[in-house]
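> Sharing a structure here in structure tokens format.
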Amino acid sequence: MKKILKQMGVALALTVTATAVAAAQDFKPVLLYDIGGKFDKSFNEAAHNGAEQFKNEFGDAYRDFEPNSETQYEQALKRFARRKADVIVAVGVGYSVAVKNVAKRYPNVKFTVIDAIIDLPNVQSITFKENEGSFLVGMIAAMKTESKNIGFIGGMDIPLIRRFEQGYVEGAKYIRDDLNFVENYVGTTPAAWNDPIKASEMARSQYSRGVDVIFSAAGPSGLGVIQAAKDNGKLAIGVDSNQNHVAPGSVLTSMMKRVDLAVYQAMKEAKEGNWKSGHRVMGLKEGGVDFALDEHNDGLITADMKTKLEDAKSKIISGEIVVGDVAGSNSGH
Amino acid sequence: MEFFADLVLLTDSTFRIATPLVLTALAGLVCERGGVVDIGLEGKMLASAFAAAASAAVTGSPWAGMAAGIGASILLALLHGYVSISQRGNQIVSGMAINIAVAGLAPTLANFWFQKGGQTPLLGDEARFSTITFPFAESLADVPVIGALYSEILSGHNIITYMTIVIVPLVAWMLYKTRFGLRLRAVGENPEAVDTAGISVTLLRYQAMVIAGVLCGLAGTVLSTGLGAGFIRDMSAGKGYLALAAMIFGKWKPVPTLLACLLFGFVDALQGRLQGVALPLIGEIPVQFTIMLPYVLTVIILAGFVGKIQAPRASGIPYEKDH
């Protein structure tokens, strides 16, 4: 009996080493996008870029999945967890409930969730201080507007998007307090991320009411806002990825949320073995958010504006300016 | 004065929002007047939005886009016709199948052809139906009342919106003043009588399907090349179903259907306008409530004001000669 047990132990040890070796040779990260498609020129595309960067540097292919509806979140997570993925990176606050459920059932699989906070020993949560980045683009909008009317168009009305708005309004008020704000939300269901027609209609309406700069935090729907800016000769501010190139001259700047960096780091850490669960916040200080400046909008941002922005940036990093937040931004909905 | 300016902007926005709705609702109307229920309007619109955007992106011409959009929509309409007219299948199932198939097929094809994750490339100005500005619209804009009406409401839409304004009376004329229209209405009410008169029920119904295909194709084209600039998955966003509802409100008649679509468009424009605005007495209305507005209105109208709704009698019933 003892002998058999011993043999079994050896066999078990052998299998474990074998799997470990296999895992080291064949690292399998998985990336799950949020609804909207991977080339939304925004949030998902940023995640895709991060995974691509990881692939190019380490030579490990990753698998990805684009859900069509909320019900697929949990199915996809379970499927990849069963197939023993080394790390599953899920982007989007919509994943919070699904990741919580699946992570409990598969305690040996590593999960990284972006935009949501889940307190489990095998989940790494990464959130951003979108309000800090939005503060900066709010300053830019306030410095650029001639009509003293600036607008905001959110995608789905959830606390996370309210956080963008909060930072934007505070940033604008930091420059001048005689501004008039106009806000719109495309909808209250995930379909709101995929309705550029409605978003562009809302943008047109804002522009004809005197608004000359609109910040859109609406995923693919935001493309409609940029289109409306182009058609009306006004300005839009992009979000998540650098969207300055979508319509050069019509996109004032973009509030970059470095989802790419978060995805890249999560995969890299998992690969190198120093992946840790817990909560990590990426703000201005950590390089997690910023405003985009490139050849497409260089002519729109003056040197004077840049100085003011750099000044505010250092004040936020040092804690001199504290940008307000919205409660519940990273909890599920 | 501010109220007037708001009203002008809302009306302008209503026309844009209502364009695809009106075209789609008329497509459904022609179909059902001919006795075929078409719940696949949503899918046809989405398919033509994709075909139009893809073709316009490749050729750089919005007219090529329109041709492709209409072509795709006609093909699907004929498929629906084959199932529900020739094979006497269940029309609801066939329509739903089209909706589901297109919702998956369009992004897949887009990904295959353009490698942009289910979208087509963004269209430049030359590949879109841009807005048409009427002569003197700029200079007349400052004239009180008339200037605003002319330069904001009448001028500055894309060509498909103007086409729609012509199409509505055209469909009404076809339905009520032509021999074809009379036969079409008869085939939706009493196909046996039409058949007895020696007229082919099958041919008439197929003709209705083609007309519906053209109208739906225009609706999809305006989505991706007029109002928007490229195809994005699920961009029809339920407009096909909304059009069906408008058609039922309109009691399967062209002008009431047009009014129902305009009402939907207006409420949609209004809800965007009301968001975040503090109203007297009530205060600021939460977004959730303003977004609810079109649906609440639908229920109220349907329950209280529409009265008796009578669908074409043979609508949804496949015609079988032997009965």
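Residue names in the structure tokens use chain letters A, B, ... in the order shown, residue numbers from 1 in each chain, and ligand numbers from 1 in the order shown.
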Step one, run DSSP on the backbone; step two, keep only residues of stretch 65-296 of chain A assigned to alpha helix (DSSP H); then write them as number ranges by chain.
A: 72-82, 96-105, 130-144, 159-175, 196-208, 222-232, 259-272
> Write the selection just made, keeping C-alpha atoms, as a PDB file, in the first residue's frame?

```pdb
ATOM      1  CA  GLN A  72     -21.526  35.827 -23.238  1.00  0.00           C
ATOM      2  CA  TYR A  73     -19.192  37.292 -20.598  1.00  0.00           C
ATOM      3  CA  GLU A  74     -19.519  34.402 -18.199  1.00  0.00           C
ATOM      4  CA  GLN A  75     -19.604  31.703 -20.882  1.00  0.00           C
ATOM      5  CA  ALA A  76     -16.376  32.963 -22.409  1.00  0.00           C
ATOM      6  CA  LEU A  77     -14.634  33.229 -19.041  1.00  0.00           C
ATOM      7  CA  LYS A  78     -15.637  29.686 -18.119  1.00  0.00           C
ATOM      8  CA  ARG A  79     -14.578  28.290 -21.470  1.00  0.00           C
ATOM      9  CA  PHE A  80     -11.100  29.753 -21.261  1.00  0.00           C
ATOM     10  CA  ALA A  81     -10.754  28.912 -17.561  1.00  0.00           C
ATOM     11  CA  ARG A  82     -11.550  25.265 -18.301  1.00  0.00           C
ATOM     12  CA  SER A  96     -17.286  42.421 -12.736  1.00  0.00           C
ATOM     13  CA  VAL A  97     -20.066  40.004 -11.837  1.00  0.00           C
ATOM     14  CA  ALA A  98     -18.972  37.391 -14.369  1.00  0.00           C
ATOM     15  CA  VAL A  99     -15.344  37.435 -13.251  1.00  0.00           C
ATOM     16  CA  LYS A 100     -16.378  37.205  -9.615  1.00  0.00           C
ATOM     17  CA  ASN A 101     -18.464  34.102 -10.290  1.00  0.00           C
ATOM     18  CA  VAL A 102     -15.964  32.351 -12.508  1.00  0.00           C
ATOM     19  CA  ALA A 103     -12.895  33.220 -10.416  1.00  0.00           C
ATOM     20  CA  LYS A 104     -14.529  31.549  -7.415  1.00  0.00           C
ATOM     21  CA  ARG A 105     -15.087  28.371  -9.374  1.00  0.00           C
ATOM     22  CA  GLU A 130     -10.153  58.679 -15.563  1.00  0.00           C
ATOM     23  CA  ASN A 131     -11.169  61.815 -13.706  1.00  0.00           C
ATOM     24  CA  GLU A 132      -7.551  63.013 -13.710  1.00  0.00           C
ATOM     25  CA  GLY A 133      -7.137  62.581 -17.458  1.00  0.00           C
ATOM     26  CA  SER A 134     -10.550  64.106 -18.057  1.00  0.00           C
ATOM     27  CA  PHE A 135      -9.528  67.053 -15.908  1.00  0.00           C
ATOM     28  CA  LEU A 136      -6.755  67.817 -18.401  1.00  0.00           C
ATOM     29  CA  VAL A 137      -8.977  67.581 -21.484  1.00  0.00           C
ATOM     30  CA  GLY A 138     -11.567  69.685 -19.659  1.00  0.00           C
ATOM     31  CA  MET A 139      -8.877  72.359 -19.260  1.00  0.00           C
ATOM     32  CA  ILE A 140      -8.103  72.119 -22.975  1.00  0.00           C
ATOM     33  CA  ALA A 141     -11.795  72.443 -23.859  1.00  0.00           C
ATOM     34  CA  ALA A 142     -12.161  75.499 -21.620  1.00  0.00           C
ATOM     35  CA  MET A 143      -9.080  77.135 -23.099  1.00  0.00           C
ATOM     36  CA  LYS A 144     -10.213  76.432 -26.654  1.00  0.00           C
ATOM     37  CA  PRO A 159     -20.980  55.718 -12.621  1.00  0.00           C
ATOM     38  CA  LEU A 160     -17.732  55.009 -14.508  1.00  0.00           C
ATOM     39  CA  ILE A 161     -18.708  57.383 -17.306  1.00  0.00           C
ATOM     40  CA  ARG A 162     -19.978  59.929 -14.767  1.00  0.00           C
ATOM     41  CA  ARG A 163     -16.415  59.915 -13.467  1.00  0.00           C
ATOM     42  CA  PHE A 164     -15.152  61.102 -16.868  1.00  0.00           C
ATOM     43  CA  GLU A 165     -17.729  63.861 -16.803  1.00  0.00           C
ATOM     44  CA  GLN A 166     -16.845  64.871 -13.260  1.00  0.00           C
ATOM     45  CA  GLY A 167     -13.162  65.330 -14.118  1.00  0.00           C
ATOM     46  CA  TYR A 168     -13.993  67.120 -17.352  1.00  0.00           C
ATOM     47  CA  VAL A 169     -16.244  69.664 -15.658  1.00  0.00           C
ATOM     48  CA  GLU A 170     -13.767  70.273 -12.837  1.00  0.00           C
ATOM     49  CA  GLY A 171     -10.916  70.758 -15.283  1.00  0.00           C
ATOM     50  CA  ALA A 172     -12.903  73.251 -17.301  1.00  0.00           C
ATOM     51  CA  LYS A 173     -13.915  75.166 -14.189  1.00  0.00           C
ATOM     52  CA  TYR A 174     -10.284  75.249 -13.111  1.00  0.00           C
ATOM     53  CA  ILE A 175      -9.606  77.456 -16.153  1.00  0.00           C
ATOM     54  CA  PRO A 196     -22.999  56.255 -33.609  1.00  0.00           C
ATOM     55  CA  ILE A 197     -26.107  57.572 -35.373  1.00  0.00           C
ATOM     56  CA  LYS A 198     -27.758  58.612 -32.135  1.00  0.00           C
ATOM     57  CA  ALA A 199     -24.503  59.969 -30.720  1.00  0.00           C
ATOM     58  CA  SER A 200     -23.955  62.053 -33.824  1.00  0.00           C
ATOM     59  CA  GLU A 201     -27.514  63.359 -33.619  1.00  0.00           C
ATOM     60  CA  MET A 202     -26.902  64.416 -30.014  1.00  0.00           C
ATOM     61  CA  ALA A 203     -23.635  66.074 -31.029  1.00  0.00           C
ATOM     62  CA  ARG A 204     -25.345  67.971 -33.849  1.00  0.00           C
ATOM     63  CA  SER A 205     -27.965  69.146 -31.402  1.00  0.00           C
ATOM     64  CA  GLN A 206     -25.286  70.359 -28.983  1.00  0.00           C
ATOM     65  CA  TYR A 207     -23.344  72.128 -31.718  1.00  0.00           C
ATOM     66  CA  SER A 208     -26.411  73.948 -32.943  1.00  0.00           C
ATOM     67  CA  GLY A 222     -17.994  58.389 -30.121  1.00  0.00           C
ATOM     68  CA  LEU A 223     -17.073  57.998 -33.785  1.00  0.00           C
ATOM     69  CA  GLY A 224     -20.453  59.571 -34.522  1.00  0.00           C
ATOM     70  CA  VAL A 225     -19.521  62.570 -32.385  1.00  0.00           C
ATOM     71  CA  ILE A 226     -16.244  62.997 -34.257  1.00  0.00           C
ATOM     72  CA  GLN A 227     -18.113  62.705 -37.560  1.00  0.00           C
ATOM     73  CA  ALA A 228     -20.558  65.401 -36.444  1.00  0.00           C
ATOM     74  CA  ALA A 229     -17.641  67.641 -35.430  1.00  0.00           C
ATOM     75  CA  LYS A 230     -16.141  67.208 -38.886  1.00  0.00           C
ATOM     76  CA  ASP A 231     -19.453  67.890 -40.648  1.00  0.00           C
ATOM     77  CA  ASN A 232     -20.141  70.995 -38.600  1.00  0.00           C
ATOM     78  CA  VAL A 259      -5.614  50.135 -21.224  1.00  0.00           C
ATOM     79  CA  ASP A 260      -2.867  48.897 -23.543  1.00  0.00           C
ATOM     80  CA  LEU A 261      -0.315  49.408 -20.794  1.00  0.00           C
ATOM     81  CA  ALA A 262      -2.479  47.600 -18.242  1.00  0.00           C
ATOM     82  CA  VAL A 263      -3.064  44.618 -20.542  1.00  0.00           C
ATOM     83  CA  TYR A 264       0.597  44.462 -21.507  1.00  0.00           C
ATOM     84  CA  GLN A 265       1.764  44.601 -17.904  1.00  0.00           C
ATOM     85  CA  ALA A 266      -0.693  41.970 -16.721  1.00  0.00           C
ATOM     86  CA  MET A 267       0.419  39.532 -19.427  1.00  0.00           C
ATOM     87  CA  LYS A 268       4.081  40.320 -18.901  1.00  0.00           C
ATOM     88  CA  GLU A 269       3.867  39.809 -15.155  1.00  0.00           C
ATOM     89  CA  ALA A 270       2.044  36.538 -15.596  1.00  0.00           C
ATOM     90  CA  LYS A 271       4.675  35.412 -18.062  1.00  0.00           C
ATOM     91  CA  GLU A 272       7.565  36.393 -15.806  1.00  0.00           C
TER      92      GLU A 272
END
```
> Considering only C-alpha atoms, extract the chain B residues located within 9 Å of chain A and return them as a PyMOL selection string.
chain B and resi 5-6+9-10+13+16-17+115-119+122+125+130-131+223-224+227-229+232-237+268-269+272-277+287-288+291
> I need the chosen residues saved as a compact mmCIF listing (two decimals), in the first residue's frame, with C-alpha atoms.

```
# COMPACT_ATOMS: atom_id res chain seq x y z
CA ALA B 5 -35.00 78.20 -31.98
CA ASP B 6 -35.25 74.96 -30.02
CA LEU B 9 -33.54 72.44 -34.16
CA LEU B 10 -35.80 69.66 -32.92
CA SER B 13 -33.24 66.60 -36.02
CA ARG B 16 -32.89 63.13 -39.93
CA ILE B 17 -33.89 60.54 -37.33
CA GLN B 115 -9.72 43.32 -40.98
CA LYS B 116 -11.09 46.01 -38.74
CA GLY B 117 -12.92 43.82 -36.27
CA GLY B 118 -16.35 43.91 -37.86
CA GLN B 119 -16.37 47.50 -39.04
CA LEU B 122 -14.55 55.24 -41.99
CA ASP B 125 -16.60 62.96 -47.48
CA SER B 130 -23.12 64.72 -47.62
CA THR B 131 -25.64 67.33 -46.66
CA LEU B 223 -27.63 54.83 -42.01
CA SER B 224 -24.09 54.02 -43.06
CA LEU B 227 -26.16 59.87 -41.25
CA GLY B 228 -23.10 57.84 -40.30
CA ALA B 229 -19.79 57.29 -42.02
CA ILE B 232 -20.51 49.40 -37.17
CA ARG B 233 -21.99 46.16 -35.89
CA ASP B 234 -25.63 46.36 -34.85
CA MET B 235 -25.82 49.95 -36.04
CA SER B 236 -29.49 49.61 -36.97
CA ALA B 237 -30.12 49.54 -33.19
CA ASP B 268 -36.14 60.73 -29.80
CA ALA B 269 -34.81 64.18 -30.62
CA GLY B 272 -31.74 64.05 -26.27
CA ARG B 273 -32.62 67.71 -25.81
CA LEU B 274 -34.19 67.22 -22.37
CA GLN B 275 -31.23 65.38 -20.89
CA GLY B 276 -29.52 67.35 -18.17
CA VAL B 277 -31.84 70.34 -18.60
CA VAL B 287 -31.35 60.32 -18.02
CA GLN B 288 -33.15 57.04 -17.41
CA ILE B 291 -34.63 57.70 -22.44
```
> List the spatial neighbours of A:Pro29 as a ChimeraX atom specification - criterion: any atom at most 8 Å away, only C-alpha atoms, same-chain residues fewer than 2 positions off excluded.
/A:27,31,61-63,85-89,267
> Please dump the current selection as a compact mmCIF listing (two decimals), in the first residue's frame; keep N, CA and C atoms.

```
# COMPACT_ATOMS: atom_id res chain seq x y z
N PHE A 27 3.04 29.48 -23.10
CA PHE A 27 2.30 30.42 -22.27
C PHE A 27 1.06 30.87 -23.01
N LEU A 31 -7.34 37.30 -23.87
CA LEU A 31 -7.86 38.65 -23.73
C LEU A 31 -9.33 38.66 -24.10
N ALA A 61 1.69 33.84 -28.60
CA ALA A 61 0.40 34.22 -29.17
C ALA A 61 -0.63 34.28 -28.05
N TYR A 62 -1.61 35.13 -28.20
CA TYR A 62 -2.69 35.18 -27.21
C TYR A 62 -3.98 34.85 -27.93
N ARG A 63 -4.96 34.40 -27.16
CA ARG A 63 -6.27 34.17 -27.75
C ARG A 63 -7.20 35.27 -27.30
N ALA A 85 -6.17 28.54 -19.24
CA ALA A 85 -5.42 29.70 -19.70
C ALA A 85 -4.51 30.15 -18.58
N ASP A 86 -3.35 30.72 -18.91
CA ASP A 86 -2.41 31.12 -17.87
C ASP A 86 -2.84 32.40 -17.19
N VAL A 87 -3.36 33.31 -17.98
CA VAL A 87 -3.95 34.49 -17.38
C VAL A 87 -5.09 34.94 -18.29
N ILE A 88 -6.21 35.30 -17.68
CA ILE A 88 -7.35 35.79 -18.47
C ILE A 88 -7.53 37.27 -18.16
N VAL A 89 -7.32 38.08 -19.17
CA VAL A 89 -7.49 39.52 -18.97
C VAL A 89 -8.85 39.92 -19.54
N MET A 267 -0.07 40.71 -18.71
CA MET A 267 0.42 39.53 -19.43
C MET A 267 1.91 39.32 -19.16
```
> List the neighbours of B:Pro254 out to 7 Å using only C-alpha atoms; skip same-chain residues closer than 3 positions along the sequence, and give me the result as a list in words.
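These residues fall inside the cut-off: Leu26, Val168, Ala172, Thr257 and Leu258 of chain B.
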> Could you check how far atom CA of A:Ala116 sits from atom CA of A:Ser216, in Å to one decimal?
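Between these atoms lies a distance of 20.9 Å.
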> Which polymer residues have any atom within 8 Å of an atom of B:Pro312, counting only C-alpha atoms, with same-chain residues fewer than 2 positions away left out, as a PyMOL selection string?
chain B and resi 32-33+35+188-189+252+310+314-315
> Would you mind writing down, as an NGL selection string, each residue of stretch 77-310 of chain A that DSSP on the backbone assigns to strand (DSSP E)?
:A and (87-91 or 110-114 or 123-128 or 149-156 or 180-187 or 213-217 or 235-240 or 251-257 or 278-282 or 289-291)
> Please indicate the distance in Å from atom CA of A:Ile126 to atom CA of A:Pro190, rounded to one decimal place.
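Distance reported for this atom pair: 21.2 Å.
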> Neighbours of A:Asn297 within 12 Å (only C-alpha atoms; same-chain residues fewer than 3 positions away dropped), as a ChimeraX atom specification?
/A:140,235-238,242-254,291-294,300-302
> Could you name the residues that touch stretch 19-22 of chain B at 8 Å or less, counting only C-alpha atoms, but leaving out those on the same chain fewer than 2 positions away, as a ChimeraX atom specification?
/B:15-17,24-26,160-161,164,218-220,222-223,239-240,242-243,257-258,261-262
> Go ahead and save the residues from that selection, with C-alpha atoms, as a PDB file, in the first residue's frame.

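Final output, part-v6.pdb:
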```
ATOM      1  CA  PHE B  15     -36.304  64.750 -40.130  1.00  0.00           C
ATOM      2  CA  ARG B  16     -32.889  63.133 -39.935  1.00  0.00           C
ATOM      3  CA  ILE B  17     -33.885  60.539 -37.330  1.00  0.00           C
ATOM      4  CA  THR B  24     -38.390  50.963 -43.421  1.00  0.00           C
ATOM      5  CA  ALA B  25     -41.967  51.389 -42.245  1.00  0.00           C
ATOM      6  CA  LEU B  26     -43.118  51.874 -45.840  1.00  0.00           C
ATOM      7  CA  ILE B 160     -31.931  60.306 -49.299  1.00  0.00           C
ATOM      8  CA  THR B 161     -33.955  62.430 -46.875  1.00  0.00           C
ATOM      9  CA  THR B 164     -37.988  60.080 -48.837  1.00  0.00           C
ATOM     10  CA  LEU B 218     -32.377  52.996 -49.046  1.00  0.00           C
ATOM     11  CA  ALA B 219     -32.937  53.025 -45.281  1.00  0.00           C
ATOM     12  CA  GLY B 220     -29.775  51.003 -44.681  1.00  0.00           C
ATOM     13  CA  VAL B 222     -28.735  56.340 -45.332  1.00  0.00           C
ATOM     14  CA  LEU B 223     -27.630  54.834 -42.014  1.00  0.00           C
ATOM     15  CA  LYS B 239     -34.944  50.735 -35.894  1.00  0.00           C
ATOM     16  CA  GLY B 240     -36.514  47.923 -37.921  1.00  0.00           C
ATOM     17  CA  LEU B 242     -39.561  50.561 -34.293  1.00  0.00           C
ATOM     18  CA  ALA B 243     -40.603  50.923 -37.937  1.00  0.00           C
ATOM     19  CA  THR B 257     -47.376  55.746 -40.867  1.00  0.00           C
ATOM     20  CA  LEU B 258     -45.289  58.760 -41.858  1.00  0.00           C
ATOM     21  CA  CYS B 261     -42.431  57.822 -37.705  1.00  0.00           C
ATOM     22  CA  LEU B 262     -42.139  61.590 -37.338  1.00  0.00           C
TER      23      LEU B 262
END
```
> If I take atom CA of A:Thr112 and atom CA of A:Ser125, how far is one from the other in Å, to one decimal?
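Between atom CA of A:Thr112 and atom CA of A:Ser125 the gap is 5.8 Å.
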